[in-house]
file work09.cif (mmCIF, C-alpha atoms)
data_protein
#
loop_
_atom_site.label_atom_id
_atom_site.label_comp_id
_atom_site.auth_asym_id
_atom_site.auth_seq_id
_atom_site.Cartn_x
_atom_site.Cartn_y
_atom_site.Cartn_z
CA MET D 1129 -111.63 -61.44 29.70
CA PRO D 1130 -113.97 -60.23 32.44
CA GLY D 1131 -117.65 -60.84 32.08
CA TRP D 1132 -117.60 -63.60 29.48
CA PHE D 1133 -119.26 -65.99 31.86
CA SER D 1134 -120.15 -66.41 35.49
CA LEU D 1135 -119.80 -69.50 37.62
CA GLU D 1136 -122.96 -70.31 39.54
CA ALA D 1137 -123.96 -72.85 42.18
CA ALA D 1138 -124.70 -75.42 39.50
CA PRO D 1139 -123.73 -79.08 39.31
CA PRO D 1140 -119.96 -79.63 39.68
CA ASP D 1141 -118.00 -79.29 36.48
CA SER D 1142 -120.65 -77.17 34.80
CA VAL D 1143 -120.76 -73.58 33.63
CA THR D 1144 -123.78 -71.28 33.81
CA LEU D 1145 -124.11 -68.24 31.63
CA GLU D 1146 -126.42 -65.47 32.73
CA VAL D 1147 -127.28 -63.16 29.87
CA MET D 1148 -129.54 -60.16 29.53
CA ASN D 1149 -132.87 -60.36 27.73
CA PRO D 1150 -132.55 -58.66 24.33
CA LEU D 1151 -136.29 -58.20 23.68
CA GLY D 1152 -137.83 -54.76 23.61
CA GLU D 1153 -140.92 -54.54 25.80
CA ILE D 1154 -144.07 -53.91 23.80
CA PRO D 1155 -146.05 -51.06 25.37
CA PRO D 1156 -149.61 -52.43 25.52
CA PRO D 1157 -151.96 -50.50 23.22
CA PRO D 1158 -155.53 -49.71 24.32
CA SER D 1159 -157.51 -52.89 23.76
CA PHE D 1160 -160.89 -53.07 21.98
CA PRO D 1161 -163.16 -56.13 21.76
CA PRO D 1162 -164.63 -56.89 18.34
CA SER D 1163 -167.78 -54.89 17.59
CA PRO D 1164 -171.22 -56.49 18.08
CA ARG D 1165 -172.16 -58.49 15.00
CA VAL D 1166 -175.12 -57.94 12.74
CA LYS D 1167 -177.80 -60.58 13.41
CA GLU D 1168 -178.21 -61.45 9.75
CA LEU D 1169 -176.93 -60.25 6.39
CA SER D 1170 -180.26 -59.86 4.57
CA GLY D 1171 -180.94 -56.21 3.84
CA LYS D 1172 -177.54 -55.15 5.16
CA ARG D 1173 -174.86 -53.06 3.51
CA ILE D 1174 -171.85 -55.38 3.27
CA GLY D 1175 -168.54 -53.72 2.47
CA ILE D 1176 -165.71 -55.54 0.69
CA TYR D 1177 -162.33 -53.83 0.97
CA TRP D 1178 -159.47 -55.01 -1.22
CA LEU D 1179 -156.02 -53.45 -1.55
CA GLY D 1180 -155.58 -54.19 -5.20
CA LYS D 1181 -153.06 -57.04 -5.26
CA ALA D 1182 -153.21 -59.12 -8.42
CA GLY D 1183 -155.95 -61.72 -8.56
CA GLY D 1184 -157.70 -60.58 -5.42
CA ASP D 1185 -160.43 -59.03 -7.56
CA ASN D 1186 -161.21 -62.47 -9.00
CA PHE D 1187 -161.64 -63.88 -5.49
CA TRP D 1188 -163.75 -60.95 -4.29
CA ASP D 1189 -165.89 -61.01 -7.44
CA GLY D 1190 -166.72 -64.60 -6.45
CA VAL D 1191 -167.58 -63.58 -2.90
CA ASP D 1192 -169.68 -60.70 -4.24
CA GLU D 1193 -171.70 -63.02 -6.50
CA LEU D 1194 -172.18 -65.68 -3.84
CA LEU D 1195 -173.38 -63.16 -1.26
CA LYS D 1196 -175.88 -61.69 -3.75
CA GLU D 1197 -177.20 -65.18 -4.51
CA LYS D 1198 -177.60 -66.04 -0.85
CA PHE D 1199 -178.79 -62.62 0.37
CA PRO D 1200 -180.59 -60.95 -2.59
CA THR D 1201 -181.65 -57.96 -0.47
CA ALA D 1202 -178.13 -57.24 0.77
CA ASN D 1203 -176.24 -54.36 -0.80
CA ILE D 1204 -172.62 -55.22 -1.59
CA LEU D 1205 -170.32 -52.20 -1.64
CA ARG D 1206 -166.85 -52.63 -3.13
CA TYR D 1207 -163.84 -50.57 -2.04
CA GLN D 1208 -160.23 -50.53 -3.11
CA GLY D 1209 -157.36 -48.68 -1.48
CA PRO D 1210 -154.07 -49.02 0.39
CA PHE D 1211 -153.39 -51.57 3.14
CA ASP D 1212 -153.68 -48.83 5.73
CA LEU D 1213 -157.13 -47.36 5.36
CA GLY D 1214 -156.27 -44.07 7.05
CA ASP D 1215 -158.68 -42.23 9.32
CA GLU D 1216 -160.55 -40.33 6.61
CA ARG D 1217 -161.24 -43.32 4.35
CA ALA D 1218 -162.13 -45.53 7.33
CA ALA D 1219 -164.63 -42.97 8.62
CA LYS D 1220 -166.24 -42.67 5.18
CA ILE D 1221 -166.60 -46.44 4.77
CA ALA D 1222 -167.86 -46.83 8.33
CA LYS D 1223 -170.77 -44.52 7.48
CA GLU D 1224 -171.64 -46.46 4.33
CA VAL D 1225 -171.64 -50.08 5.58
CA ASP D 1226 -173.16 -52.22 8.34
CA THR D 1227 -170.41 -54.80 8.27
CA VAL D 1228 -167.23 -55.35 6.28
CA LEU D 1229 -164.96 -58.02 4.83
CA TYR D 1230 -161.37 -56.78 4.67
CA GLY D 1231 -158.94 -58.66 2.47
CA VAL D 1232 -155.39 -57.68 1.75
CA GLY D 1233 -154.79 -59.93 -1.25
CA ASP D 1234 -151.89 -61.90 0.27
CA MET Y 1293 -162.98 -50.38 11.13
CA GLU Y 1294 -163.54 -52.31 14.38
CA LYS Y 1295 -162.52 -49.26 16.38
CA LEU Y 1296 -165.22 -47.32 14.52
CA GLY Y 1297 -167.80 -49.91 15.57
CA VAL Y 1298 -168.09 -51.73 12.25
CA PRO Y 1299 -168.15 -55.54 12.67
CA THR Y 1300 -165.28 -56.71 10.52
CA VAL Y 1301 -163.82 -59.98 9.29
CA TYR Y 1302 -160.24 -59.93 8.02
CA LEU Y 1303 -159.22 -62.32 5.26
CA THR Y 1304 -155.66 -63.27 4.50
CA THR Y 1305 -153.87 -66.44 3.43
CA SER Y 1306 -152.66 -69.11 5.82
CA GLN Y 1307 -149.07 -67.93 5.26
CA PHE Y 1308 -149.95 -64.55 6.75
CA LEU Y 1309 -152.12 -65.79 9.59
CA GLU Y 1310 -149.56 -65.40 12.38
CA ASP Y 1311 -148.58 -61.99 11.03
CA ALA Y 1312 -152.25 -60.95 10.99
CA ARG Y 1313 -152.80 -62.10 14.57
CA PHE Y 1314 -149.74 -60.19 15.82
CA SER Y 1315 -150.86 -57.14 13.89
CA ALA Y 1316 -154.38 -57.28 15.34
CA GLU Y 1317 -152.95 -57.62 18.84
CA ASP Y 1318 -150.50 -54.76 18.39
CA ASN Y 1319 -153.18 -52.51 16.95
CA GLY Y 1320 -155.54 -52.96 19.86
CA VAL Y 1321 -158.06 -55.52 18.57
CA PRO Y 1322 -156.48 -58.77 19.76
CA LYS Y 1323 -159.59 -60.86 19.11
CA LEU Y 1324 -160.22 -59.58 15.60
CA ARG Y 1325 -161.99 -62.31 13.63
CA ILE Y 1326 -159.56 -63.52 10.97
CA ILE Y 1327 -159.88 -66.11 8.20
CA GLY Y 1328 -156.76 -67.73 6.76
CA LEU Y 1329 -157.52 -68.88 3.22
CA PRO Y 1330 -155.46 -71.94 2.24
CA ALA Y 1331 -152.42 -70.36 0.56
CA ASP Y 1332 -151.84 -73.24 -1.87
CA LYS Y 1333 -155.36 -72.88 -3.26
CA TYR Y 1334 -155.70 -69.09 -3.16
CA TYR Y 1335 -152.45 -68.26 -4.97
CA SER Y 1336 -152.89 -70.81 -7.72
CA GLU Y 1337 -156.60 -70.20 -8.29
CA ARG Y 1338 -156.82 -66.41 -8.10
CA ILE Y 1339 -155.58 -66.20 -11.69
CA THR Y 1340 -159.13 -66.15 -13.12
CA LYS Y 1341 -162.56 -65.39 -11.77
CA GLU Y 1342 -163.81 -68.87 -12.66
CA ARG Y 1343 -160.99 -70.60 -10.79
CA ALA Y 1344 -161.15 -68.23 -7.80
CA LYS Y 1345 -164.87 -68.68 -7.22
CA PRO Y 1346 -164.65 -72.18 -5.64
CA VAL Y 1347 -162.05 -70.83 -3.19
CA ALA Y 1348 -164.50 -68.08 -2.27
CA GLU Y 1349 -167.32 -70.61 -2.01
CA ALA Y 1350 -165.31 -72.81 0.34
CA ALA Y 1351 -164.80 -69.87 2.72
CA LEU Y 1352 -168.26 -68.31 2.40
CA ASP Y 1353 -169.94 -70.08 5.34
CA THR Y 1354 -167.07 -69.10 7.64
CA MET Y 1355 -167.35 -65.48 6.48
CA ILE Y 1356 -171.09 -65.44 7.17
CA GLU Y 1357 -170.59 -67.12 10.55
CA MET Y 1358 -167.90 -64.62 11.58
CA LEU Y 1359 -170.00 -61.67 10.41
CA THR Y 1360 -173.13 -62.74 12.26
CA SER Y 1361 -172.39 -64.97 15.28
CA PRO Y 1362 -172.46 -62.97 18.53
CA ILE Y 1363 -169.21 -61.93 20.19
CA THR Y 1364 -168.40 -64.33 23.01
CA GLY Y 1365 -167.29 -63.44 26.53
CA GLU Y 1366 -163.84 -64.81 25.78
CA GLU Y 1367 -163.52 -62.42 22.82
CA THR Y 1368 -164.18 -59.41 25.03
CA LYS Y 1369 -161.35 -60.20 27.48
CA PRO Y 1370 -158.14 -58.25 26.84
CA LYS Y 1371 -154.96 -60.29 26.64
CA PRO Y 1372 -152.97 -60.03 29.89
CA LYS Y 1373 -149.59 -58.36 29.50
CA THR Y 1374 -146.63 -60.66 29.98
CA ALA Y 1375 -143.49 -59.11 31.43
CA HIS Y 1376 -140.12 -60.25 30.13
CA THR Y 1377 -137.53 -61.69 32.47
CA LYS Y 1378 -134.49 -59.45 32.80
CA THR Y 1379 -131.93 -62.22 32.47
CA ILE Y 1380 -131.79 -65.78 31.12
CA ARG Y 1381 -129.53 -68.59 32.33
CA VAL Y 1382 -128.12 -71.50 30.40
CA THR Y 1383 -125.88 -74.24 31.71
CA GLY Y 1384 -123.39 -76.51 29.99
CA GLU Y 1385 -120.68 -78.96 30.88
CA SER Y 1386 -118.14 -76.42 29.70
CA LEU Y 1387 -118.06 -72.82 28.54
CA GLU Y 1388 -118.18 -74.00 24.95
CA THR Y 1389 -121.29 -76.15 25.45
CA ALA Y 1390 -122.99 -73.38 27.46
CA ILE Y 1391 -122.38 -70.97 24.58
CA GLU Y 1392 -123.72 -73.56 22.16
CA SER Y 1393 -126.84 -73.98 24.33
CA LEU Y 1394 -127.26 -70.22 24.47
CA ASN Y 1395 -127.10 -69.97 20.69
CA GLN Y 1396 -129.59 -72.80 20.27
CA LEU Y 1397 -132.01 -71.32 22.82
CA PHE Y 1398 -131.89 -67.82 21.32
CA LEU Y 1399 -132.49 -69.13 17.82
CA GLU Y 1400 -135.44 -71.22 19.00
CA LYS Y 1401 -136.91 -68.14 20.67
CA ARG Y 1402 -136.30 -66.06 17.52
CA TRP Y 1403 -133.91 -63.76 19.38
CA SER Y 1404 -130.95 -64.28 17.08
CA ASP Y 1405 -130.12 -64.06 13.39
CA GLY Y 1406 -128.81 -67.59 12.83
CA LEU Y 1407 -125.12 -66.74 13.02
CA PRO Y 1408 -123.31 -67.35 16.33
CA ILE Y 1409 -123.91 -64.70 18.97
CA LEU Y 1410 -121.76 -63.60 21.87
CA PRO Y 1411 -123.19 -63.88 25.40
CA ALA Y 1412 -124.61 -60.54 26.56
CA THR Y 1413 -123.74 -61.00 30.22
CA PRO Y 1414 -124.51 -58.03 32.51
CA GLU Y 1415 -120.77 -57.34 32.63
CA ARG Y 1416 -120.41 -57.27 28.84
CA VAL Y 1417 -123.45 -55.04 28.51
CA GLU Y 1418 -121.96 -52.67 31.08
CA TRP Y 1419 -118.76 -52.73 29.02
CA MET Y 1420 -120.73 -51.91 25.87
CA LEU Y 1421 -122.44 -49.02 27.64
CA THR Y 1422 -119.06 -47.38 28.29
CA GLY Y 1423 -119.34 -46.32 24.63
CA THR Y 1424 -122.09 -43.80 25.38
CA SER Y 1425 -122.84 -41.18 27.99
CA ARG Y 1426 -126.58 -41.70 27.52
CA SER Y 1427 -128.65 -43.31 30.25
CA PRO Y 1428 -129.30 -47.06 29.79
CA GLU Y 1429 -132.99 -46.41 30.53
CA GLU Y 1430 -133.37 -43.74 27.85
CA GLU Y 1431 -136.12 -44.67 25.42
CA ILE Y 1432 -135.03 -44.17 21.82
CA GLY Y 1433 -138.37 -45.19 20.32
CA THR Y 1434 -140.43 -48.16 19.20
CA ILE Y 1435 -139.60 -50.40 16.27
CA SER Y 1436 -142.05 -51.94 13.80
CA PRO Y 1437 -143.78 -54.24 13.28
CA ARG Y 1438 -144.62 -55.09 16.91
CA ASN Y 1439 -143.50 -51.79 18.39
CA GLY Y 1440 -141.08 -53.03 21.03
CA MET Y 1441 -139.31 -50.24 22.90
CA ALA Y 1442 -135.65 -49.65 22.03
CA THR Y 1443 -133.87 -48.37 25.12
CA VAL Y 1444 -130.15 -47.61 25.17
CA GLU Y 1445 -129.61 -50.72 27.33
CA LYS Y 1446 -131.56 -53.01 24.98
CA ILE Y 1447 -129.55 -51.69 22.03
CA ALA Y 1448 -126.35 -52.36 24.00
CA ILE Y 1449 -127.47 -55.95 24.72
CA ASN Y 1450 -128.06 -56.56 21.03
CA ALA Y 1451 -124.76 -54.88 20.14
CA VAL Y 1452 -122.88 -57.29 22.43
CA MET Y 1453 -124.65 -60.25 20.85
CA ALA Y 1454 -123.67 -58.95 17.39
CA GLY Y 1455 -119.98 -58.66 18.29
CA ALA Y 1456 -119.77 -54.87 18.24
CA LYS Y 1457 -117.41 -52.75 20.33
CA PRO Y 1458 -118.33 -49.87 22.68
CA GLU Y 1459 -116.92 -47.25 20.32
CA TYR Y 1460 -119.47 -48.34 17.69
CA LEU Y 1461 -122.41 -47.89 20.05
CA PRO Y 1462 -123.07 -44.18 19.31
CA VAL Y 1463 -123.39 -45.05 15.61
CA ILE Y 1464 -125.71 -47.97 16.32
CA ILE Y 1465 -127.91 -45.83 18.57
CA ALA Y 1466 -127.99 -43.08 15.92
CA VAL Y 1467 -129.17 -45.53 13.26
CA ILE Y 1468 -131.91 -46.86 15.52
CA GLU Y 1469 -132.90 -43.32 16.44
CA GLY Y 1470 -133.38 -42.68 12.71
CA LEU Y 1471 -135.38 -45.88 12.23
CA ALA Y 1472 -137.62 -45.10 15.19
CA ASP Y 1473 -138.31 -41.58 13.93
CA GLU Y 1474 -141.98 -41.38 13.02
CA ARG Y 1475 -141.06 -39.67 9.74
CA PHE Y 1476 -139.20 -42.80 8.59
CA ASP Y 1477 -141.19 -45.80 7.33
CA GLU Y 1478 -139.17 -48.70 8.73
CA LEU Y 1479 -142.26 -50.92 8.72
CA HIS Y 1480 -142.15 -51.23 4.94
CA PHE Y 1481 -138.58 -52.43 4.50
CA LEU Y 1482 -138.76 -54.68 7.54
CA THR Y 1483 -141.94 -56.52 6.60
CA SER Y 1484 -142.93 -56.10 2.93
CA THR Y 1485 -143.16 -59.05 0.55
CA GLY Y 1486 -140.80 -57.05 -1.65
CA SER Y 1487 -137.24 -58.13 -0.91
CA PHE Y 1488 -135.61 -54.70 -0.71
CA ASN Y 1489 -133.48 -53.74 2.26
CA LEU Y 1490 -131.93 -50.92 4.27
CA VAL Y 1491 -128.67 -49.21 3.37
CA ILE Y 1492 -126.88 -47.42 6.22
CA THR Y 1493 -124.64 -44.51 5.28
CA MET Y 1494 -122.12 -42.89 7.59
CA SER Y 1495 -120.22 -39.66 7.28
CA GLY Y 1496 -117.92 -37.74 9.58
CA PRO Y 1497 -114.78 -38.13 11.66
CA ILE Y 1498 -116.18 -41.18 13.48
CA VAL Y 1499 -115.64 -43.28 10.32
CA LYS Y 1500 -111.87 -43.00 10.84
CA GLU Y 1501 -112.02 -42.97 14.63
CA ILE Y 1502 -113.61 -46.41 14.81
CA GLY Y 1503 -111.53 -47.87 12.01
CA MET Y 1504 -114.14 -48.44 9.33
CA ASN Y 1505 -113.18 -49.40 5.80
CA PRO Y 1506 -114.50 -46.63 3.52
CA GLY Y 1507 -112.47 -47.77 0.53
CA LEU Y 1508 -112.00 -50.80 -1.67
CA GLY Y 1509 -114.27 -53.61 -0.47
CA LEU Y 1510 -116.33 -51.39 1.80
CA TRP Y 1511 -119.24 -53.86 1.53
CA SER Y 1512 -116.97 -56.83 1.98
CA TYR Y 1513 -115.98 -58.95 4.99
CA GLY Y 1514 -112.88 -58.37 7.07
CA ASN Y 1515 -113.67 -55.21 9.03
CA ARG Y 1516 -115.28 -55.49 12.44
CA ALA Y 1517 -116.95 -52.07 12.45
CA ASN Y 1518 -118.34 -52.42 8.92
CA SER Y 1519 -119.67 -55.88 9.76
CA THR Y 1520 -121.00 -55.51 13.28
CA ILE Y 1521 -122.63 -52.07 13.19
CA GLY Y 1522 -125.12 -53.35 10.66
CA ARG Y 1523 -125.45 -56.66 12.47
CA ALA Y 1524 -126.22 -54.88 15.76
CA VAL Y 1525 -128.92 -52.89 13.97
CA ARG Y 1526 -130.35 -56.08 12.45
CA MET Y 1527 -130.27 -57.84 15.84
CA SER Y 1528 -132.06 -54.84 17.36
CA MET Y 1529 -134.68 -54.95 14.60
CA ILE Y 1530 -135.30 -58.64 15.35
CA ASN Y 1531 -135.63 -58.08 19.08
CA MET Y 1532 -137.26 -54.63 19.29
CA GLY Y 1533 -139.56 -55.22 16.35
CA HIS Y 1534 -140.17 -58.88 17.31
CA LEU Y 1535 -139.44 -59.61 13.69
CA TRP Y 1536 -139.06 -63.01 12.02
CA PRO Y 1537 -138.90 -64.25 8.42
CA GLY Y 1538 -142.14 -65.81 7.23
CA VAL Y 1539 -143.95 -64.63 10.35
CA ASN Y 1540 -143.99 -60.86 9.96
CA ASP Y 1541 -140.96 -60.23 7.74
CA MET Y 1542 -142.64 -61.44 4.57
CA ALA Y 1543 -139.81 -60.82 2.04
CA LEU Y 1544 -140.48 -63.48 -0.56
CA VAL Y 1545 -136.84 -64.43 -1.16
CA GLY Y 1546 -135.38 -62.78 1.97
CA ARG Y 1547 -133.30 -59.61 1.89
CA ALA Y 1548 -129.88 -58.73 0.49
CA SER Y 1549 -127.20 -58.69 3.20
CA PRO Y 1550 -129.83 -59.74 5.75
CA HIS Y 1551 -127.51 -60.17 8.73
CA THR Y 1552 -125.59 -56.92 8.49
CA PHE Y 1553 -127.39 -54.59 6.07
CA LEU Y 1554 -125.20 -52.70 3.63
CA VAL Y 1555 -123.16 -50.09 5.49
CA ILE Y 1556 -121.45 -47.33 3.51
CA ALA Y 1557 -118.83 -45.20 5.21
CA GLU Y 1558 -117.95 -42.02 3.34
CA ASN Y 1559 -114.30 -41.85 2.38
CA GLN Y 1560 -113.10 -38.68 4.07
CA GLU Y 1561 -109.73 -38.60 2.32
CA LEU Y 1562 -110.68 -39.30 -1.29
CA ARG Y 1563 -114.02 -37.52 -1.54
CA PRO Y 1564 -114.12 -34.84 -4.28
CA TRP Y 1565 -117.07 -33.04 -2.70
CA GLU Y 1566 -117.76 -31.59 0.71
CA PRO Y 1567 -118.52 -34.17 3.42
CA TYR Y 1568 -122.09 -35.42 3.39
CA HIS Y 1569 -122.61 -34.52 7.04
CA VAL Y 1570 -121.59 -30.91 6.24
CA SER Y 1571 -123.97 -30.78 3.26
CA THR Y 1572 -126.79 -31.90 5.52
CA GLY Y 1573 -126.01 -29.36 8.23
CA PHE Y 1574 -124.12 -31.42 10.83
#

call {"tool": "encode", "arguments": {"input": "work09.cif", "output": "structure tokens"}}
result
Amino acid sequence: MPGWFSLEAAPPDSVTLEVMNPLGEIPPPPSFPPSPRVKELSGKRIGIYWLGKAGGDNFWDGVDELLKEKFPTANILRYQGPFDLGDERAAKIAKEVDTVLYGVGD
Amino acid sequence: MEKLGVPTVYLTTSQFLEDARFSAEDNGVPKLRIIGLPADKYYSERITKERAKPVAEAALDTMIEMLTSPITGEETKPKPKTAHTKTIRVTGESLETAIESLNQLFLEKRWSDGLPILPATPERVEWMLTGTSRSPEEEIGTISPRNGMATVEKIAINAVMAGAKPEYLPVIIAVIEGLADERFDELHFLTSTGSFNLVITMSGPIVKEIGMNPGLGLWSYGNRANSTIGRAVRMSMINMGHLWPGVNDMALVGRASPHTFLVIAENQELRPWEPYHVSTGF
């Protein structure tokens, strides 16, 4: 059957197969560096975003309490929504916080 | 949030760390700061607030550090694009050992589904492309989760590997065209922790033309078209989507009929209703 294999200039008594690469090229998206950090958390508005998976609230409640203990003047803002924030929700949260912890729950 | 200028730290579990890094890269923030909570602790301790708090406490300093330590020069450099080689060579003492090496290599690179593949030599891909009049360079669309581009030629390569025949290629391309359509959410069934899966339905004269089994045992083994159309789609999902179980396909127990999907061909002779393709305007 034609095309099953091709003989190349390889060591005697060997067979070389040349096959085509099956991977789809990934078009590179525009690349952004991470945003400049806040210098400290005291007095800042710290967002916590959670997508609602079971038990994640227990973990984030712990983070919430610990941050309040360590940074009493910080304002912790809790959010819950889908994995994909969507433009509208993201823009709203961006106006309300200085920095954010994003946790999916998995 | 990063794109809106809000300094963000992303928390996930260690099981999802590789998935999160790929996702950050593919969504344009390759150096997103990510914390992988130890999965063994997080999943067992999240059950109550009291048990979850020590897990939070153990990660707190890292969260604070990632929220406040300045962005480094290395973090501002975009990742250079790596181009794929067009062909790959493997050598063996015989044709059989070369094919074995090919299968091993492709599995190690996550380019195969774990069942034996056929070698997609340029000649066999050309043969596969005789099944369509479309240009090999035509871009059908990108496939989630990593958004690799599905061209007609790439689909043909994967169809050869899956054991399909040229006459099946139009069907395989049509399925991938549907999956790549922005109105269809292929990301969910390809990657979700839920273990649901895709069902492919076919209707029209092509069912008979390519010899599909639309009758008793239509989901069974023993028919090349029924078996390899779905396998070619799966292979294309692996290689266009850069998909892999436990990396970015997070189905907890895997997916039903994972190698071939479930392919239903409408029975043109025994159907009591008008053909589905007619009902839908084709």

call {"tool": "residues_around", "arguments": {"input": "work09.cif", "residues": "D:Gly1209", "least_positions_apart": "3", "cutoff": "12 Å", "atoms": "all atoms listed in the file", "output": "number ranges by chain"}}
result
D: 1176-1181, 1206, 1212-1214, 1217-1218, 1221, 1230-1233

call {"tool": "write_last_selection", "arguments": {"input": "work09.cif", "atoms": "C-alpha atoms", "output": "compact mmCIF listing (two decimals), in the coordinates of the input"}}
result
# COMPACT_ATOMS: atom_id res chain seq x y z
CA ILE D 1176 -165.71 -55.54 0.69
CA TYR D 1177 -162.33 -53.83 0.97
CA TRP D 1178 -159.47 -55.01 -1.22
CA LEU D 1179 -156.02 -53.45 -1.55
CA GLY D 1180 -155.58 -54.19 -5.20
CA LYS D 1181 -153.06 -57.04 -5.26
CA ARG D 1206 -166.85 -52.63 -3.13
CA ASP D 1212 -153.68 -48.83 5.73
CA LEU D 1213 -157.13 -47.36 5.36
CA GLY D 1214 -156.27 -44.07 7.05
CA ARG D 1217 -161.24 -43.32 4.35
CA ALA D 1218 -162.13 -45.53 7.33
CA ILE D 1221 -166.60 -46.44 4.77
CA TYR D 1230 -161.37 -56.78 4.67
CA GLY D 1231 -158.94 -58.66 2.47
CA VAL D 1232 -155.39 -57.68 1.75
CA GLY D 1233 -154.79 -59.93 -1.25

call {"tool": "atom_distance", "arguments": {"input": "work09.cif", "atom1": "atom CA of Y:Arg1325", "atom2": "atom CA of Y:Leu1544"}}
result
25.8 Å

call {"tool": "resolve_selection", "arguments": {"input": "work09.cif", "expression": "the PyMOL selection byres ((chain D and resi 1143-1160) around 8)", "output": "NGL selection string"}}
result
(:D and (1133-1136 or 1138 or 1141-1142 or 1161-1162)) or (:Y and (1295 or 1318-1322 or 1368 or 1370 or 1373 or 1375-1387 or 1390-1391 or 1403 or 1411-1414 or 1438-1443 or 1446-1447 or 1449-1450 or 1528 or 1531-1534))

call {"tool": "resolve_selection", "arguments": {"input": "work09.cif", "expression": "the PyMOL selection byres ((chain D and resi 1201) around 12)", "output": "ChimeraX atom specification"}}
result
/D:1168-1174,1195-1200,1202-1204

call {"tool": "resolve_selection", "arguments": {"input": "work09.cif", "expression": "the PyMOL selection byres ((chain Y and resi 1308) around 8)", "output": "CSV table (one decimal) with C-alpha atoms, in the coordinates of the input"}}
result
chain,number,residue,atom,x,y,z
D,1234,ASP,CA,-151.9,-61.9,0.3
Y,1304,THR,CA,-155.7,-63.3,4.5
Y,1305,THR,CA,-153.9,-66.4,3.4
Y,1306,SER,CA,-152.7,-69.1,5.8
Y,1307,GLN,CA,-149.1,-67.9,5.3
Y,1309,LEU,CA,-152.1,-65.8,9.6
Y,1310,GLU,CA,-149.6,-65.4,12.4
Y,1311,ASP,CA,-148.6,-62.0,11.0
Y,1312,ALA,CA,-152.2,-61.0,11.0
Y,1328,GLY,CA,-156.8,-67.7,6.8
Y,1538,GLY,CA,-142.1,-65.8,7.2
Y,1539,VAL,CA,-144.0,-64.6,10.4
Y,1540,ASN,CA,-144.0,-60.9,10.0

call {"tool": "residues_around", "arguments": {"input": "work09.cif", "residues": "Y:Gly1546", "least_positions_apart": "5", "cutoff": "12 Å", "atoms": "all atoms listed in the file", "output": "short mmCIF file (atom, residue, chain, number, x, y, z; two decimals) with C-alpha atoms, keeping the file's coordinate frame"}}
result
data_model
loop_
_atom_site.label_atom_id
_atom_site.label_comp_id
_atom_site.auth_asym_id
_atom_site.auth_seq_id
_atom_site.Cartn_x
_atom_site.Cartn_y
_atom_site.Cartn_z
CA PHE Y 1481 -138.58 -52.43 4.50
CA LEU Y 1482 -138.76 -54.68 7.54
CA THR Y 1483 -141.94 -56.52 6.60
CA SER Y 1484 -142.93 -56.10 2.93
CA THR Y 1485 -143.16 -59.05 0.55
CA GLY Y 1486 -140.80 -57.05 -1.65
CA SER Y 1487 -137.24 -58.13 -0.91
CA PHE Y 1488 -135.61 -54.70 -0.71
CA ASN Y 1489 -133.48 -53.74 2.26
CA TRP Y 1536 -139.06 -63.01 12.02
CA PRO Y 1537 -138.90 -64.25 8.42
CA GLY Y 1538 -142.14 -65.81 7.23
CA ASN Y 1540 -143.99 -60.86 9.96
CA ASP Y 1541 -140.96 -60.23 7.74
CA HIS Y 1551 -127.51 -60.17 8.73
#

call {"tool": "atom_distance", "arguments": {"input": "work09.cif", "atom1": "atom CA of Y:Ile1327", "atom2": "atom CA of D:Tyr1207"}}
result
19.0 Å

call {"tool": "closest_residue", "arguments": {"input": "work09.cif", "among": "D:Gly1175, D:Ala1182, D:Phe1211, D:Gly1190", "to": "chain Y", "atoms": "all atoms listed in the file"}}
result
D:Gly1190

call {"tool": "residues_near_point", "arguments": {"input": "work09.cif", "point": "(-121.1, -32.7, 7.4)", "cutoff": "12 Å", "atoms": "only C-alpha atoms", "output": "PyMOL selection string"}}
result
chain Y and resi 1494-1498+1558+1560+1565-1574

call {"tool": "write_last_selection", "arguments": {"input": "work09.cif", "atoms": "C-alpha atoms", "output": "PDB file, in the coordinates of the input"}}
result
ATOM      1  CA  MET Y1494    -122.120 -42.890   7.590  1.00  0.00           C
ATOM      2  CA  SER Y1495    -120.220 -39.660   7.280  1.00  0.00           C
ATOM      3  CA  GLY Y1496    -117.920 -37.740   9.580  1.00  0.00           C
ATOM      4  CA  PRO Y1497    -114.780 -38.130  11.660  1.00  0.00           C
ATOM      5  CA  ILE Y1498    -116.180 -41.180  13.480  1.00  0.00           C
ATOM      6  CA  GLU Y1558    -117.950 -42.020   3.340  1.00  0.00           C
ATOM      7  CA  GLN Y1560    -113.100 -38.680   4.070  1.00  0.00           C
ATOM      8  CA  TRP Y1565    -117.070 -33.040  -2.700  1.00  0.00           C
ATOM      9  CA  GLU Y1566    -117.760 -31.590   0.710  1.00  0.00           C
ATOM     10  CA  PRO Y1567    -118.520 -34.170   3.420  1.00  0.00           C
ATOM     11  CA  TYR Y1568    -122.090 -35.420   3.390  1.00  0.00           C
ATOM     12  CA  HIS Y1569    -122.610 -34.520   7.040  1.00  0.00           C
ATOM     13  CA  VAL Y1570    -121.590 -30.910   6.240  1.00  0.00           C
ATOM     14  CA  SER Y1571    -123.970 -30.780   3.260  1.00  0.00           C
ATOM     15  CA  THR Y1572    -126.790 -31.900   5.520  1.00  0.00           C
ATOM     16  CA  GLY Y1573    -126.010 -29.360   8.230  1.00  0.00           C
ATOM     17  CA  PHE Y1574    -124.120 -31.420  10.830  1.00  0.00           C
TER      18      PHE Y1574
END

call {"tool": "residues_around", "arguments": {"input": "work09.cif", "residues": "D:Val1166", "least_positions_apart": "2", "cutoff": "10 Å", "atoms": "all atoms listed in the file", "output": "list in words"}}
result
Ser1163, Pro1164, Glu1168, Leu1169, Ser1170, Lys1172, Asp1226 and Thr1227 of chain D; Val1298, Pro1299, Met1358, Leu1359, Thr1360, Ser1361 and Pro1362 of chain Y
